[in-house]
Every structure is written in C-alpha cells, then in structure tokens.
Amino acid sequence: MAGQRRGEWLELMPGKLNPPEHGGRYEAALVWLERELGCPAKLLRSLDAEGGIKLAGDRLRVRLFPPKISQYEPVEQPVRILYEDDFCLVVHKSAGIKVHPDGESREPSLANFVSGIYSLRDEPVAPAHIHRLDEYTTGPVLYAKNIFAQLKLDAAMARKEIERVYVALVEGVVNPALIRINEPIGRDRHHPSRRRVSKAGKEAVTRVEVLETFPKASLVRLRLETGRTHQIRVHMSHAGHPLIGDALYGGSTKLLPHQALHGESLAFPHPLTGETVEVPDSWPEEWDKVRAWLHS
C-alpha cells in the first residue's frame with residue numbers, strides 16, 4: 001500500500017471506489033480503508049467523527065499524523081536510531097536503561113531519550129513502545145509514531161508476527177541437541193522480582209541455536225515463541241546454563257556485572273504496507289573482550 005504524507009494527512013490513491021448499495025463514495029472509502037488499508041474499526045470511527053477522512057477526486061486523505069506531545073519529559077541524550085519512517089521508530093537500548101519510568105528510579109529512561117529526539121527536532125510526535133527489554137538487556141526497541149501504527153503493531157504483536165532474535169553468552173557447554181525449551185513460567189513466591197519454571201505458570205517456549213562453544217561457556221542464539229517476563233533468563237538457567245553476569249538466576253558476575261543478553265535483530269510487518277521490516281543491531285563491543293577471555 002503506497003501513500004504520500006502531506007503534513008498531518010496521508011494521501012492515498014484507492015482507485016475506483018464502488019459505492020455500496022446504500023451509500024455514496026464516502027461510505028465506499030470507509031469500507032476501503034477498513035478492508036484494504038487495514039484501518040482498525042475503532043480508529044476509523046474516530047476519524048469519521050472528527051472529520052479526519054476527506055475525498056477529493058481520486059484522492060483519499062486520512063489524518064493519521066495529528067500533533068501529539070509526549071507524556072515523558074524530554075531528555076536530550078544521544079540515541080542510536082536503527083530505523084525510522086513516518087510510522088515507526090526503532091532505537092538501540094543500552095544496558096542499565098529502563099524502557100520507561102517505573103516510579104522507583106529517578107534516572108531518565110529510554111522513553112525520556114526518545115521524547116528528547118522529537119523535542120530537539122521540534123516535532124510534535126509522541127512514540128509509544130510496542131515491546132520492552134529488561135533494564136540490562138541491550139538491543140532494538142520498536143516504537144509506533146502514531147495511533148494507526150500503534151494499533152496495527154499491537155495487533156501484530158498479539159498474533160506473534162513480530163520476531164525478536166537474541167544472542168546470549170551462557171555458562172557451560174550447551175549440547176547442540178538443546179534446540180527448544182518448552183517450560184511454563186510463573187512468579188517465584190520467594191522473590192518478588194524473579195520468575196521460575198512452574199507447572200502453574202504460563203506457557204513459554206524458547207528456541208535455542210548454539211553458535212559457538214568455549215571451554216566453559218557458550219554463545220547461543222535464541223528466538224521467542226512467547227514473551228514471558230525474563231523468559232530467556234529463566235529457561236537457560238533451568239537448563240543448567242545461566243547467562244553470564246545474571247546473578248538473579250545463578251550466573252557469575254566475574255566477567256560482566258549484568259546478564260549477557262542482546263537483541264540481535266527485530267522483524268515486524270510495516271503497519272502501512274504490510275511488508276516485513278528487518279532491523280539488525282550489532283553486538284555490544286564489550287562482548288569481544290569477554291569472548292576473547294572465554295577462549296583463553
């Protein structure tokens with residue numbers, strides 16, 4: 001689906017609109033927006049009520065980019081942008097940064113940094129994160145830059161159409177036969193911030209691929225079929241291979257002060273075109289030193 005942004009409006013060329021039995025071209029445009037553009041019904045009703053849909057000859061305009069101010073205080077901090085267009089933003093999250101404020105820490109979060117991007121540009125955009133990463137996990141985080149993109153990406157997330165691929169350094173030599181971990185995960189009643197494998201927990205499935213082995217450690221690639229809190233950390237610890245640096249789940253902090261877990265890539269269907277967008281994110285530089293030590 002091709003479209004041209006014109007200020008707050010997306011201009012589309014739907015071709016010939018066949019009016020329904022009871023209605024005119026405008027009603028046909030509403031049908032087209034729902035069926036062809038995949039515009040969520042809730043948003044379509046809102047646009048219709050607010051005059052956000054206009055027909056002019058063979059052109060159809062939809063107000064998908066109204067100005068919006070972020071609820072997060074902007075903090076102007078350099079952020080590595082991995083991908084951006086009018087609908088989506090993907091940025092790299094470093095270790096030790098939370099995706100959004102949690103009410104406990106006064107340190108600025110990634111949400112504040114992202115808000116700072118648009119404050120510096122003087123653009124009234126308030127991106128919403130589609131998924132999260134743990135505070136000390138590095139990698140790409142996907143944002144929707146308008147409500148249309150947010151609704152479409154949230155739905156894609158629910159259908160498991162957004163793929164996140166991770167790499168991790170774990171303790172011990174992982175058997176290549178370990179290719180899938182299917183163990184339910186629930187809360188640990190003895191520790192408020194920890195999760196554990198539990199028969200009463202929710203379904204959790206992690207796919208494992210061994211990339212490299214060291215005398216006492218392994219480098220693995222992991223793909224999530226589900227998205228439970230701390231899923232990779234819990235599953236690998238349960239398999240006898242806690243992540244290096246992950247003290248919460250039994251890993252040693254001798255080489256790293258936090259878990260060696262990185263989002264290697266992110267793939268998602270573009271909210272407008274439906275085409276798959278793949279966004280890679282290079283491994284943390286500190287891993288080179290860790291891997292060199294592991295080889296020694």
# chains A, B, ... in the order shown; residues from 1 in each chain; ligands from 1
call {"tool": "residues_around", "arguments": {"residues": "Thr276 in chain A", "least_positions_apart": "6", "cutoff": "12 Å", "atoms": "only C-alpha atoms", "output": "PDB file with C-alpha atoms, in the first residue's frame"}}
result
ATOM      1  CA  LEU A 153       1.715  -3.150  15.635  1.00  0.00           C
ATOM      2  CA  ALA A 156       0.811  -7.887  15.095  1.00  0.00           C
ATOM      3  CA  GLU A 161       4.113 -11.601  13.929  1.00  0.00           C
ATOM      4  CA  ILE A 162       6.901  -9.530  15.465  1.00  0.00           C
ATOM      5  CA  GLU A 163      10.048 -11.636  15.708  1.00  0.00           C
ATOM      6  CA  LEU A 266      13.901  -7.315  15.137  1.00  0.00           C
ATOM      7  CA  ALA A 267      11.444  -8.017  12.320  1.00  0.00           C
ATOM      8  CA  PHE A 268       7.930  -6.636  12.047  1.00  0.00           C
ATOM      9  CA  PRO A 269       5.203  -6.121   9.410  1.00  0.00           C
ATOM     10  CA  HIS A 270       5.091  -2.465   8.422  1.00  0.00           C
TER      11      HIS A 270
END
call {"tool": "residues_around", "arguments": {"residues": "range 27-38 of chain A", "least_positions_apart": "6", "cutoff": "12 Å", "atoms": "only C-alpha atoms", "output": "PDB file with N, CA, C and O atoms, in the first residue's frame"}}
result
ATOM      1  N   MET A   1       0.845  -1.185   0.000  1.00  0.00           N
ATOM      2  CA  MET A   1       0.000   0.000   0.000  1.00  0.00           C
ATOM      3  C   MET A   1       0.885   1.241   0.000  1.00  0.00           C
ATOM      4  O   MET A   1       1.645   1.452   0.939  1.00  0.00           O
ATOM      5  N   ALA A   2       0.812   2.027  -1.071  1.00  0.00           N
ATOM      6  CA  ALA A   2       1.623   3.231  -1.170  1.00  0.00           C
ATOM      7  C   ALA A   2       0.807   4.429  -0.709  1.00  0.00           C
ATOM      8  O   ALA A   2      -0.412   4.486  -0.889  1.00  0.00           O
ATOM      9  N   GLY A   3       1.470   5.377  -0.109  1.00  0.00           N
ATOM     10  CA  GLY A   3       0.806   6.587   0.353  1.00  0.00           C
ATOM     11  C   GLY A   3       1.822   7.705   0.461  1.00  0.00           C
ATOM     12  O   GLY A   3       3.020   7.456   0.612  1.00  0.00           O
ATOM     13  N   LEU A  10      -2.328  11.573   5.402  1.00  0.00           N
ATOM     14  CA  LEU A  10      -1.781  10.570   4.495  1.00  0.00           C
ATOM     15  C   LEU A  10      -2.648  10.566   3.260  1.00  0.00           C
ATOM     16  O   LEU A  10      -3.869  10.364   3.346  1.00  0.00           O
ATOM     17  N   GLU A  11      -2.043  10.794   2.103  1.00  0.00           N
ATOM     18  CA  GLU A  11      -2.795  10.809   0.853  1.00  0.00           C
ATOM     19  C   GLU A  11      -2.661   9.473   0.144  1.00  0.00           C
ATOM     20  O   GLU A  11      -1.553   8.971  -0.065  1.00  0.00           O
ATOM     21  N   LEU A  12      -3.792   8.911  -0.228  1.00  0.00           N
ATOM     22  CA  LEU A  12      -3.843   7.592  -0.843  1.00  0.00           C
ATOM     23  C   LEU A  12      -4.567   7.675  -2.178  1.00  0.00           C
ATOM     24  O   LEU A  12      -5.383   8.576  -2.420  1.00  0.00           O
ATOM     25  N   MET A  13      -4.283   6.714  -3.030  1.00  0.00           N
ATOM     26  CA  MET A  13      -4.933   6.627  -4.341  1.00  0.00           C
ATOM     27  C   MET A  13      -5.626   5.267  -4.420  1.00  0.00           C
ATOM     28  O   MET A  13      -5.064   4.293  -4.932  1.00  0.00           O
ATOM     29  N   PRO A  14      -6.840   5.170  -3.905  1.00  0.00           N
ATOM     30  CA  PRO A  14      -7.507   3.864  -3.828  1.00  0.00           C
ATOM     31  C   PRO A  14      -8.045   3.335  -5.146  1.00  0.00           C
ATOM     32  O   PRO A  14      -8.507   2.190  -5.221  1.00  0.00           O
ATOM     33  N   GLY A  15      -8.013   4.173  -6.210  1.00  0.00           N
ATOM     34  CA  GLY A  15      -8.597   3.720  -7.471  1.00  0.00           C
ATOM     35  C   GLY A  15     -10.100   3.913  -7.447  1.00  0.00           C
ATOM     36  O   GLY A  15     -10.648   4.676  -6.652  1.00  0.00           O
ATOM     37  N   LYS A  16     -10.783   3.204  -8.288  1.00  0.00           N
ATOM     38  CA  LYS A  16     -12.232   3.354  -8.382  1.00  0.00           C
ATOM     39  C   LYS A  16     -12.905   2.797  -7.138  1.00  0.00           C
ATOM     40  O   LYS A  16     -12.684   1.650  -6.759  1.00  0.00           O
ATOM     41  N   LEU A  17     -13.720   3.636  -6.521  1.00  0.00           N
ATOM     42  CA  LEU A  17     -14.457   3.213  -5.339  1.00  0.00           C
ATOM     43  C   LEU A  17     -15.887   2.888  -5.736  1.00  0.00           C
ATOM     44  O   LEU A  17     -16.607   3.745  -6.254  1.00  0.00           O
ATOM     45  N   ASN A  18     -16.285   1.661  -5.526  1.00  0.00           N
ATOM     46  CA  ASN A  18     -17.647   1.257  -5.873  1.00  0.00           C
ATOM     47  C   ASN A  18     -18.561   1.491  -4.684  1.00  0.00           C
ATOM     48  O   ASN A  18     -18.426   0.825  -3.645  1.00  0.00           O
ATOM     49  N   PRO A  19     -19.488   2.450  -4.795  1.00  0.00           N
ATOM     50  CA  PRO A  19     -20.378   2.742  -3.666  1.00  0.00           C
ATOM     51  C   PRO A  19     -21.196   1.524  -3.281  1.00  0.00           C
ATOM     52  O   PRO A  19     -21.630   0.748  -4.136  1.00  0.00           O
ATOM     53  N   PRO A  20     -21.411   1.321  -1.975  1.00  0.00           N
ATOM     54  CA  PRO A  20     -22.274   0.216  -1.545  1.00  0.00           C
ATOM     55  C   PRO A  20     -23.715   0.485  -1.945  1.00  0.00           C
ATOM     56  O   PRO A  20     -24.059   1.584  -2.421  1.00  0.00           O
ATOM     57  N   GLU A  21     -24.578  -0.486  -1.745  1.00  0.00           N
ATOM     58  CA  GLU A  21     -25.973  -0.368  -2.172  1.00  0.00           C
ATOM     59  C   GLU A  21     -26.648   0.850  -1.542  1.00  0.00           C
ATOM     60  O   GLU A  21     -27.418   1.554  -2.201  1.00  0.00           O
ATOM     61  N   LEU A  44     -11.176   4.098  12.821  1.00  0.00           N
ATOM     62  CA  LEU A  44     -11.979   4.540  11.682  1.00  0.00           C
ATOM     63  C   LEU A  44     -13.185   5.348  12.153  1.00  0.00           C
ATOM     64  O   LEU A  44     -13.507   6.399  11.586  1.00  0.00           O
ATOM     65  N   ARG A  45     -13.828   4.877  13.216  1.00  0.00           N
ATOM     66  CA  ARG A  45     -14.975   5.610  13.762  1.00  0.00           C
ATOM     67  C   ARG A  45     -14.547   6.980  14.276  1.00  0.00           C
ATOM     68  O   ARG A  45     -15.251   7.980  14.095  1.00  0.00           O
ATOM     69  N   SER A  46     -13.403   7.021  14.931  1.00  0.00           N
ATOM     70  CA  SER A  46     -12.896   8.275  15.474  1.00  0.00           C
ATOM     71  C   SER A  46     -12.555   9.255  14.346  1.00  0.00           C
ATOM     72  O   SER A  46     -12.903  10.446  14.405  1.00  0.00           O
ATOM     73  N   LEU A  47     -11.890   8.787  13.307  1.00  0.00           N
ATOM     74  CA  LEU A  47     -11.550   9.637  12.171  1.00  0.00           C
ATOM     75  C   LEU A  47     -12.803  10.160  11.483  1.00  0.00           C
ATOM     76  O   LEU A  47     -12.885  11.340  11.105  1.00  0.00           O
ATOM     77  N   ASP A  48     -13.790   9.301  11.333  1.00  0.00           N
ATOM     78  CA  ASP A  48     -15.048   9.677  10.693  1.00  0.00           C
ATOM     79  C   ASP A  48     -15.747  10.776  11.497  1.00  0.00           C
ATOM     80  O   ASP A  48     -16.211  11.783  10.952  1.00  0.00           O
ATOM     81  N   ALA A  49     -15.782  10.607  12.819  1.00  0.00           N
ATOM     82  CA  ALA A  49     -16.476  11.564  13.682  1.00  0.00           C
ATOM     83  C   ALA A  49     -15.770  12.912  13.736  1.00  0.00           C
ATOM     84  O   ALA A  49     -16.415  13.961  13.910  1.00  0.00           O
ATOM     85  N   GLY A  52     -11.699  13.403   9.908  1.00  0.00           N
ATOM     86  CA  GLY A  52     -10.339  13.011   9.567  1.00  0.00           C
ATOM     87  C   GLY A  52     -10.225  12.218   8.287  1.00  0.00           C
ATOM     88  O   GLY A  52      -9.171  11.627   8.008  1.00  0.00           O
ATOM     89  N   ILE A  53     -11.294  12.183   7.481  1.00  0.00           N
ATOM     90  CA  ILE A  53     -11.280  11.467   6.210  1.00  0.00           C
ATOM     91  C   ILE A  53     -11.849  12.391   5.143  1.00  0.00           C
ATOM     92  O   ILE A  53     -12.954  12.921   5.289  1.00  0.00           O
ATOM     93  N   LYS A  54     -11.091  12.608   4.058  1.00  0.00           N
ATOM     94  CA  LYS A  54     -11.530  13.510   3.005  1.00  0.00           C
ATOM     95  C   LYS A  54     -11.333  12.881   1.629  1.00  0.00           C
ATOM     96  O   LYS A  54     -10.314  12.247   1.373  1.00  0.00           O
ATOM     97  N   LEU A  55     -12.318  13.080   0.782  1.00  0.00           N
ATOM     98  CA  LEU A  55     -12.255  12.610  -0.598  1.00  0.00           C
ATOM     99  C   LEU A  55     -12.148  13.809  -1.524  1.00  0.00           C
ATOM    100  O   LEU A  55     -12.903  14.782  -1.395  1.00  0.00           O
ATOM    101  N   ALA A  56     -11.198  13.761  -2.440  1.00  0.00           N
ATOM    102  CA  ALA A  56     -11.054  14.826  -3.427  1.00  0.00           C
ATOM    103  C   ALA A  56     -10.700  14.184  -4.757  1.00  0.00           C
ATOM    104  O   ALA A  56      -9.547  13.796  -4.992  1.00  0.00           O
ATOM    105  N   GLY A  57     -11.679  14.029  -5.613  1.00  0.00           N
ATOM    106  CA  GLY A  57     -11.447  13.350  -6.886  1.00  0.00           C
ATOM    107  C   GLY A  57     -11.071  11.901  -6.639  1.00  0.00           C
ATOM    108  O   GLY A  57     -11.784  11.164  -5.952  1.00  0.00           O
ATOM    109  N   ASP A  58      -9.923  11.484  -7.195  1.00  0.00           N
ATOM    110  CA  ASP A  58      -9.491  10.103  -6.990  1.00  0.00           C
ATOM    111  C   ASP A  58      -8.536   9.973  -5.803  1.00  0.00           C
ATOM    112  O   ASP A  58      -7.903   8.938  -5.620  1.00  0.00           O
ATOM    113  N   ARG A  59      -8.427  11.054  -5.018  1.00  0.00           N
ATOM    114  CA  ARG A  59      -7.523  11.047  -3.872  1.00  0.00           C
ATOM    115  C   ARG A  59      -8.290  10.927  -2.567  1.00  0.00           C
ATOM    116  O   ARG A  59      -9.345  11.522  -2.382  1.00  0.00           O
ATOM    117  N   LEU A  60      -7.720  10.149  -1.677  1.00  0.00           N
ATOM    118  CA  LEU A  60      -8.319   9.946  -0.362  1.00  0.00           C
ATOM    119  C   LEU A  60      -7.296  10.370   0.685  1.00  0.00           C
ATOM    120  O   LEU A  60      -6.162   9.890   0.676  1.00  0.00           O
ATOM    121  N   ARG A  61      -7.688  11.277   1.558  1.00  0.00           N
ATOM    122  CA  ARG A  61      -6.790  11.740   2.601  1.00  0.00           C
ATOM    123  C   ARG A  61      -7.301  11.335   3.975  1.00  0.00           C
ATOM    124  O   ARG A  61      -8.500  11.472   4.261  1.00  0.00           O
ATOM    125  N   VAL A  62      -6.364  10.849   4.806  1.00  0.00           N
ATOM    126  CA  VAL A  62      -6.703  10.385   6.153  1.00  0.00           C
ATOM    127  C   VAL A  62      -5.765  11.090   7.126  1.00  0.00           C
ATOM    128  O   VAL A  62      -4.538  11.084   6.947  1.00  0.00           O
ATOM    129  N   PHE A 148      -2.440   4.946  14.526  1.00  0.00           N
ATOM    130  CA  PHE A 148      -2.664   3.933  13.496  1.00  0.00           C
ATOM    131  C   PHE A 148      -1.587   2.860  13.580  1.00  0.00           C
ATOM    132  O   PHE A 148      -1.875   1.661  13.625  1.00  0.00           O
ATOM    133  N   ALA A 149      -0.328   3.298  13.620  1.00  0.00           N
ATOM    134  CA  ALA A 149       0.780   2.348  13.708  1.00  0.00           C
ATOM    135  C   ALA A 149       0.737   1.574  15.008  1.00  0.00           C
ATOM    136  O   ALA A 149       1.015   0.368  15.046  1.00  0.00           O
ATOM    137  N   LEU A 151      -1.894   0.725  16.894  1.00  0.00           N
ATOM    138  CA  LEU A 151      -2.932  -0.305  16.868  1.00  0.00           C
ATOM    139  C   LEU A 151      -2.546  -1.467  15.967  1.00  0.00           C
ATOM    140  O   LEU A 151      -2.764  -2.643  16.309  1.00  0.00           O
ATOM    141  N   LYS A 152      -1.947  -1.167  14.815  1.00  0.00           N
ATOM    142  CA  LYS A 152      -1.556  -2.224  13.885  1.00  0.00           C
ATOM    143  C   LYS A 152      -0.407  -3.062  14.458  1.00  0.00           C
ATOM    144  O   LYS A 152      -0.420  -4.304  14.359  1.00  0.00           O
ATOM    145  N   LEU A 153       0.571  -2.414  15.087  1.00  0.00           N
ATOM    146  CA  LEU A 153       1.715  -3.150  15.635  1.00  0.00           C
ATOM    147  C   LEU A 153       1.333  -3.923  16.892  1.00  0.00           C
ATOM    148  O   LEU A 153       1.837  -5.026  17.130  1.00  0.00           O
ATOM    149  N   ALA A 155      -1.535  -5.277  17.396  1.00  0.00           N
ATOM    150  CA  ALA A 155      -2.240  -6.456  16.880  1.00  0.00           C
ATOM    151  C   ALA A 155      -1.251  -7.466  16.316  1.00  0.00           C
ATOM    152  O   ALA A 155      -1.394  -8.681  16.511  1.00  0.00           O
ATOM    153  N   ALA A 156      -0.220  -6.991  15.630  1.00  0.00           N
ATOM    154  CA  ALA A 156       0.811  -7.887  15.095  1.00  0.00           C
ATOM    155  C   ALA A 156       1.546  -8.584  16.225  1.00  0.00           C
ATOM    156  O   ALA A 156       1.890  -9.766  16.129  1.00  0.00           O
ATOM    157  N   HIS A 270       5.301  -3.913   8.410  1.00  0.00           N
ATOM    158  CA  HIS A 270       5.091  -2.465   8.422  1.00  0.00           C
ATOM    159  C   HIS A 270       3.591  -2.172   8.510  1.00  0.00           C
ATOM    160  O   HIS A 270       2.793  -2.773   7.787  1.00  0.00           O
ATOM    161  N   PRO A 271       3.184  -1.260   9.394  1.00  0.00           N
ATOM    162  CA  PRO A 271       1.748  -1.006   9.594  1.00  0.00           C
ATOM    163  C   PRO A 271       1.018  -0.503   8.361  1.00  0.00           C
ATOM    164  O   PRO A 271      -0.192  -0.738   8.232  1.00  0.00           O
ATOM    165  N   LEU A 272       1.715   0.165   7.453  1.00  0.00           N
ATOM    166  CA  LEU A 272       1.045   0.665   6.253  1.00  0.00           C
ATOM    167  C   LEU A 272       1.116  -0.329   5.108  1.00  0.00           C
ATOM    168  O   LEU A 272       0.095  -0.667   4.509  1.00  0.00           O
ATOM    169  N   THR A 273       2.300  -0.825   4.802  1.00  0.00           N
ATOM    170  CA  THR A 273       2.491  -1.671   3.617  1.00  0.00           C
ATOM    171  C   THR A 273       2.328  -3.161   3.892  1.00  0.00           C
ATOM    172  O   THR A 273       2.059  -3.936   2.977  1.00  0.00           O
ATOM    173  N   GLY A 274       2.522  -3.564   5.141  1.00  0.00           N
ATOM    174  CA  GLY A 274       2.467  -4.983   5.470  1.00  0.00           C
ATOM    175  C   GLY A 274       3.761  -5.711   5.163  1.00  0.00           C
ATOM    176  O   GLY A 274       3.924  -6.889   5.515  1.00  0.00           O
TER     177      GLY A 274
END
call {"tool": "residues_around", "arguments": {"residues": "Gln231 in chain A", "least_positions_apart": "2", "cutoff": "8 Å", "atoms": "only C-alpha atoms", "output": "NGL selection string"}}
result
:A and (185 or 204 or 206 or 227-229 or 233-235)
call {"tool": "residues_around", "arguments": {"residues": "Ile147 in chain A", "least_positions_apart": "2", "cutoff": "9 Å", "atoms": "only C-alpha atoms", "output": "list in words"}}
result
Leu43, Leu64, Phe65, Ala128, Ala144, Lys145, Ala149, Gln150, Leu151 and Lys152 of chain A
call {"tool": "select_by_dssp", "arguments": {"residues": "range 47-275 of chain A", "states": "alpha helix (DSSP H)", "output": "PyMOL selection string"}}
result
chain A and resi 47-49+110-121+147-158+231-238
call {"tool": "residues_around", "arguments": {"residues": "His100 in chain A", "least_positions_apart": "5", "cutoff": "9 Å", "atoms": "only C-alpha atoms", "output": "PyMOL selection string"}}
result
chain A and resi 72+108-112+129+132
call {"tool": "write_last_selection", "arguments": {"atoms": "N, CA and C atoms", "output": "PDB file, in the first residue's frame"}}
result
ATOM      1  N   TYR A  72       6.280  11.935  28.498  1.00  0.00           N
ATOM      2  CA  TYR A  72       7.582  11.795  29.144  1.00  0.00           C
ATOM      3  C   TYR A  72       8.424  13.055  28.949  1.00  0.00           C
ATOM      4  N   PRO A 108      16.758   8.954  34.084  1.00  0.00           N
ATOM      5  CA  PRO A 108      15.954   9.026  32.858  1.00  0.00           C
ATOM      6  C   PRO A 108      15.899   7.683  32.148  1.00  0.00           C
ATOM      7  N   SER A 109      14.794   7.430  31.490  1.00  0.00           N
ATOM      8  CA  SER A 109      14.578   6.166  30.788  1.00  0.00           C
ATOM      9  C   SER A 109      14.716   6.372  29.280  1.00  0.00           C
ATOM     10  N   LEU A 110      14.615   5.274  28.545  1.00  0.00           N
ATOM     11  CA  LEU A 110      14.662   5.359  27.086  1.00  0.00           C
ATOM     12  C   LEU A 110      13.501   6.211  26.576  1.00  0.00           C
ATOM     13  N   ALA A 111      12.365   6.154  27.255  1.00  0.00           N
ATOM     14  CA  ALA A 111      11.217   6.968  26.861  1.00  0.00           C
ATOM     15  C   ALA A 111      11.555   8.452  26.915  1.00  0.00           C
ATOM     16  N   ASN A 112      12.320   8.857  27.916  1.00  0.00           N
ATOM     17  CA  ASN A 112      12.736  10.261  28.019  1.00  0.00           C
ATOM     18  C   ASN A 112      13.689  10.631  26.886  1.00  0.00           C
ATOM     19  N   HIS A 129       6.063   2.711  22.876  1.00  0.00           N
ATOM     20  CA  HIS A 129       6.828   1.472  22.712  1.00  0.00           C
ATOM     21  C   HIS A 129       5.878   0.292  22.508  1.00  0.00           C
ATOM     22  N   ARG A 132       9.120  -4.384  25.279  1.00  0.00           N
ATOM     23  CA  ARG A 132      10.111  -3.918  26.243  1.00  0.00           C
ATOM     24  C   ARG A 132      11.304  -4.863  26.300  1.00  0.00           C
TER      25      ARG A 132
END
call {"tool": "select_by_dssp", "arguments": {"residues": "range 20-214 of chain A", "states": "strand (DSSP E)", "output": "compact mmCIF listing (two decimals) with C-alpha atoms, in the first residue's frame"}}
result
# COMPACT_ATOMS: atom_id res chain seq x y z
CA ILE A 53 -11.28 11.47 6.21
CA LYS A 54 -11.53 13.51 3.01
CA LEU A 55 -12.26 12.61 -0.60
CA ALA A 56 -11.05 14.83 -3.43
CA ARG A 59 -7.52 11.05 -3.87
CA LEU A 60 -8.32 9.95 -0.36
CA ARG A 61 -6.79 11.74 2.60
CA VAL A 62 -6.70 10.39 6.15
CA ILE A 81 18.37 5.26 15.66
CA LEU A 82 18.30 1.94 13.83
CA TYR A 83 15.24 2.61 11.67
CA GLU A 84 12.72 5.41 11.21
CA CYS A 88 7.80 3.52 13.07
CA LEU A 89 10.93 4.14 15.07
CA VAL A 90 13.49 1.57 16.22
CA VAL A 91 16.25 2.65 18.59
CA HIS A 92 19.09 0.84 20.34
CA LYS A 93 18.75 0.42 24.09
CA ALA A 128 4.68 4.55 22.05
CA HIS A 129 6.83 1.47 22.71
CA GLY A 139 19.09 -4.30 21.67
CA PRO A 140 16.42 -2.75 19.45
CA VAL A 141 13.14 -1.36 20.80
CA LEU A 142 10.23 -0.71 18.43
CA TYR A 143 8.03 2.38 18.72
CA ALA A 144 4.85 3.45 16.92
CA GLU A 163 10.05 -11.64 15.71
CA ARG A 164 12.80 -10.80 18.16
CA VAL A 165 16.07 -12.68 17.91
CA TYR A 166 18.56 -12.62 20.79
CA VAL A 167 22.10 -13.76 21.42
CA ALA A 168 23.44 -14.64 24.85
CA LEU A 169 26.65 -15.78 26.49
CA VAL A 170 25.82 -18.58 28.90
CA GLU A 171 27.74 -20.70 31.35
CA ARG A 180 13.71 -25.96 22.09
CA ILE A 181 12.74 -25.28 25.69
CA ASN A 182 9.03 -25.62 26.43
CA ILE A 185 6.95 -19.76 33.67
CA GLY A 186 5.35 -18.24 36.76
CA ARG A 187 6.26 -15.95 39.64
CA ARG A 195 10.37 -15.80 37.82
CA ARG A 196 10.72 -19.59 37.75
CA VAL A 197 9.65 -22.65 35.81
CA VAL A 205 8.70 -21.60 24.51
CA THR A 206 12.26 -20.63 23.56
CA ARG A 207 14.16 -21.92 20.54
CA VAL A 208 17.91 -22.36 21.01
CA GLU A 209 20.76 -22.46 18.50
CA VAL A 210 24.37 -22.99 19.57
CA LEU A 211 26.66 -20.60 17.67
CA GLU A 212 29.98 -21.08 19.42
CA THR A 213 31.37 -23.02 22.37
call {"tool": "closest_residue", "arguments": {"among": "A:Ala217, A:Met157, A:Ile179, A:Met236", "to": "Gly250 in chain A", "atoms": "only C-alpha atoms"}}
result
A:Met236
